[in-house]
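Heads up, the thing below is written out as structure tokens.
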Amino acid sequence: MRLVVIKTDITDPYRNLACEEALTFSAEDGVVTLFLWQNAHTVVIGKNQNPWRECNVERIKEDGIYLARRMSGGGAVYHDMGNLNFTFIARDGFFDIEKQTDVILLACRILGIKANKTGRNDLTVEGKKFSGHAYFSSNGYNYHHGTVMMDVVPEDLPKYLRVSEAKLKSKGVASVRSRVTNLKEYLPEMSREDMITEMQDAMIRAAERTYGIKAEFADMPEIDPGYYEKYSSEEWRLGTKIPFEKEIEHKFDWGEVEIQLSMKGETIKACRIYSDALETEVFGAVEQMLTGCRYDAGDILKLKLPRGISATAYDILELIASSIE
């Protein structure tokens, strides 16, 4: 087994996300790669999220910051140069989310910070979130990435991010700012640049300890321009809107869902499903199944799901069926 570390000073989110995908699909068996990177002022949304709902798109355009979409699920996050991003990349058999999460927790302990894993994908200090994680898997290729808030400008979060009332209510808090913290609160003597450097070094040391091997360092690889074109394209970032007559919203244990249905008579002509769930592929599969189906509870519940699709699909179909009067 090998542990490879790649650090970059590139701050263009489209290039960093392109590199992340390229590294993932070129991963070698038996190699775990730790990719450390930062984005300049950027809002990054999950693969299945609706940007118009999750963030202030017009304010983002006006202020000239980036809006990016990643391949993994989960919710919207804000990056600036006070945030450090990490990505663990590995093939099946070497991809271990628990072990990878332990690396981040150990890195915090190395810096004298007692952090804990909370909920489905958050790390917290004293009950406040400083790190959110998301995951991607396809045909044996995997990545686990996340943020580490070191010195993010807190006033920028509510300017660019919108958090639903249902999500805030479920967490028992009043605003997005009250839910998060910067690790600078626990490292008061360090400058922003020093904190980022110290956390990068701590993560590398923690990875070496956790995996029991010495890290190798590598440069950023050459990236096919197609990857960059994908992430920078408006079609990928904003998606394609559909005219819809019916909209359904609900919060499940696994995440929030927003369903838009375009009708032609009694038939569902088109369907768009948005979600902050960590799953990614199930939503496109359900959209295809519903397209052309009669808008009837019985017909929707009779739909045959593709083999291997998760129970999330059943939740969505039952939600739509129950909403039909």
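Letters A, B, ... mark the chains of the structure tokens in the order given; residue numbers begin at 1 per chain; ligand numbers begin at 1, in order shown.
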### Query
Do you know which residues are at most 6 Å from Asp151 of chain A counting only C-alpha atoms, after dropping those on the same chain fewer than 6 positions away, and could you put them as an NGL selection string?
:A and (82 or 182 or 184)
#### Entry: DSSP-assigned strand (DSSP E or B) members of segment 166-309 of chain A, reported as number ranges by chain
A: 180, 215-218, 246-252, 255-264, 267-275, 294
Write out as a Markdown table the residues of segment 137-253 of chain A that have any atom within 10 Å of an atom of segment 275-285 of chain A, one row each with the nearest atom pair and its distance in Å to one decimal, counting only C-alpha atoms, sorted by chain and then rising number.
| residue | atom | partner | partner_atom | distance |
| --- | --- | --- | --- | --- |
| A:Ser137 | CA | A:Thr280 | CA | 9.3 |
| A:Ser138 | CA | A:Glu281 | CA | 9.6 |
| A:Glu249 | CA | A:Ser275 | CA | 9.8 |
| A:His250 | CA | A:Ser275 | CA | 9.9 |
| A:Lys251 | CA | A:Ser275 | CA | 9.5 |
| A:Phe252 | CA | A:Ala277 | CA | 9.3 |
| A:Asp253 | CA | A:Ala277 | CA | 9.4 |
### Task
Check segment 23-220 of chain A with DSSP on the backbone and list each residue it calls alpha helix (DSSP H), as number ranges by chain.
A: 23-25, 51-54, 57-63, 97-110, 157-160, 165-171, 192-211
### Query
When distances are computed from only C-alpha atoms, which of A:Lys47, A:Glu58, A:Leu319, A:Asp9 shows the smallest separation from Lys159 of chain A?
A:Glu58
### Query
What's the 8 Å shell around Ile248 of chain A, counting only C-alpha atoms, without same-chain residues fewer than 6 positions away, as JSON, numbers by chain?
{"A": [258, 259, 260, 320, 323]}
Next, the residues of the selection above should be written as an mmCIF file, in the first residue's frame with N, CA and C atoms.
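After the write, again21.cif holds the following:
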data_model
loop_
_atom_site.group_PDB
_atom_site.id
_atom_site.type_symbol
_atom_site.label_atom_id
_atom_site.label_comp_id
_atom_site.auth_asym_id
_atom_site.auth_seq_id
_atom_site.Cartn_x
_atom_site.Cartn_y
_atom_site.Cartn_z
ATOM 1 N N GLU A 258 -36.901 18.217 -2.920
ATOM 2 C CA GLU A 258 -37.787 19.145 -3.627
ATOM 3 C C GLU A 258 -38.079 18.519 -4.986
ATOM 4 N N ILE A 259 -39.346 18.258 -5.253
ATOM 5 C CA ILE A 259 -39.746 17.555 -6.477
ATOM 6 C C ILE A 259 -40.588 18.491 -7.337
ATOM 7 N N GLN A 260 -40.192 18.644 -8.590
ATOM 8 C CA GLN A 260 -40.948 19.458 -9.536
ATOM 9 C C GLN A 260 -41.463 18.553 -10.650
ATOM 10 N N ILE A 320 -44.724 11.257 -3.401
ATOM 11 C CA ILE A 320 -45.478 11.802 -4.523
ATOM 12 C C ILE A 320 -46.895 11.225 -4.547
ATOM 13 N N SER A 323 -49.234 12.716 -2.073
ATOM 14 C CA SER A 323 -49.590 14.115 -2.300
ATOM 15 C C SER A 323 -50.727 14.276 -3.317
#
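Here the question is which of A:Ala297, A:Met199, A:Val180, A:Ala313 gets nearest to Ile273 of chain A using only C-alpha atoms, and that residue is A:Ala313.
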### Query
Looking at only C-alpha atoms, which of A:Ile65, A:His145, A:Gly75, A:Ser131 is the one that sits closest to Ile97 of chain A?
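When distances to Ile97 of chain A are compared using only C-alpha atoms, the smallest one comes from A:His145.
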## Note on the structure
Using only C-alpha atoms, the best pick from A:Asp12, A:Glu318, A:Asp224, A:Glu247 as closest to Ala68 of chain A would be A:Asp12
### Query
With only C-alpha atoms as the basis for distance, which of A:Gly292, A:Gly212, A:Gly255, A:Gly298 is at the shortest distance from Gly119 of chain A?
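Checking each candidate against Gly119 of chain A, we get A:Gly255 as the closest.
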### Task
Give the answer as one residue: which of A:Ala22, A:Gly74, A:Ala206, A:Thr181 has the shortest atom-to-atom distance to Glu126 of chain A, using only C-alpha atoms?
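Of all the options, A:Thr181 lies closest to Glu126 of chain A.
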### Query
Hey, can you check how far atom CA of Ala202 of chain A sits from atom CA of Leu111 of chain A?
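Going from atom CA of Ala202 of chain A over to atom CA of Leu111 of chain A covers 7.2 Å.
Near Asp296 of chain A, within a cut-off of 10 Å and counting only C-alpha atoms, sit the residues A:Glu266, A:Thr267, A:Ile268, A:Ile300, A:Leu301, A:Ile320, A:Ala321, A:Ser322, A:Ile324, A:Glu325, with same-chain residues fewer than 4 positions away left out.
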Just the selected residues (N, CA and C atoms), exported as a tab-separated table (two decimals), in the first residue's frame, please.
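Result file follows (selection.tsv):
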chain	number	residue	atom	x	y	z
A	266	GLU	N	-52.85	14.14	-17.85
A	266	GLU	CA	-52.69	13.35	-16.63
A	266	GLU	C	-51.34	12.63	-16.58
A	267	THR	N	-50.45	13.00	-17.49
A	267	THR	CA	-49.15	12.32	-17.59
A	267	THR	C	-48.02	13.24	-17.11
A	268	ILE	N	-47.07	12.66	-16.41
A	268	ILE	CA	-45.88	13.41	-16.00
A	268	ILE	C	-44.96	13.52	-17.20
A	300	ILE	N	-48.01	5.15	-9.81
A	300	ILE	CA	-46.69	5.52	-9.32
A	300	ILE	C	-46.15	4.46	-8.37
A	301	LEU	N	-47.01	3.93	-7.51
A	301	LEU	CA	-46.56	2.92	-6.55
A	301	LEU	C	-46.29	1.57	-7.22
A	320	ILE	N	-44.72	11.26	-3.40
A	320	ILE	CA	-45.48	11.80	-4.52
A	320	ILE	C	-46.89	11.22	-4.55
A	321	ALA	N	-47.00	9.92	-4.35
A	321	ALA	CA	-48.31	9.25	-4.37
A	321	ALA	C	-49.21	9.81	-3.26
A	322	SER	N	-48.66	10.05	-2.10
A	322	SER	CA	-49.47	10.54	-0.98
A	322	SER	C	-49.91	11.99	-1.18
A	324	ILE	N	-51.06	13.20	-3.99
A	324	ILE	CA	-52.11	13.25	-5.03
A	324	ILE	C	-53.47	13.19	-4.35
A	325	GLU	N	-54.30	14.17	-4.63
A	325	GLU	CA	-55.62	14.23	-3.99
A	325	GLU	C	-56.60	13.31	-4.72
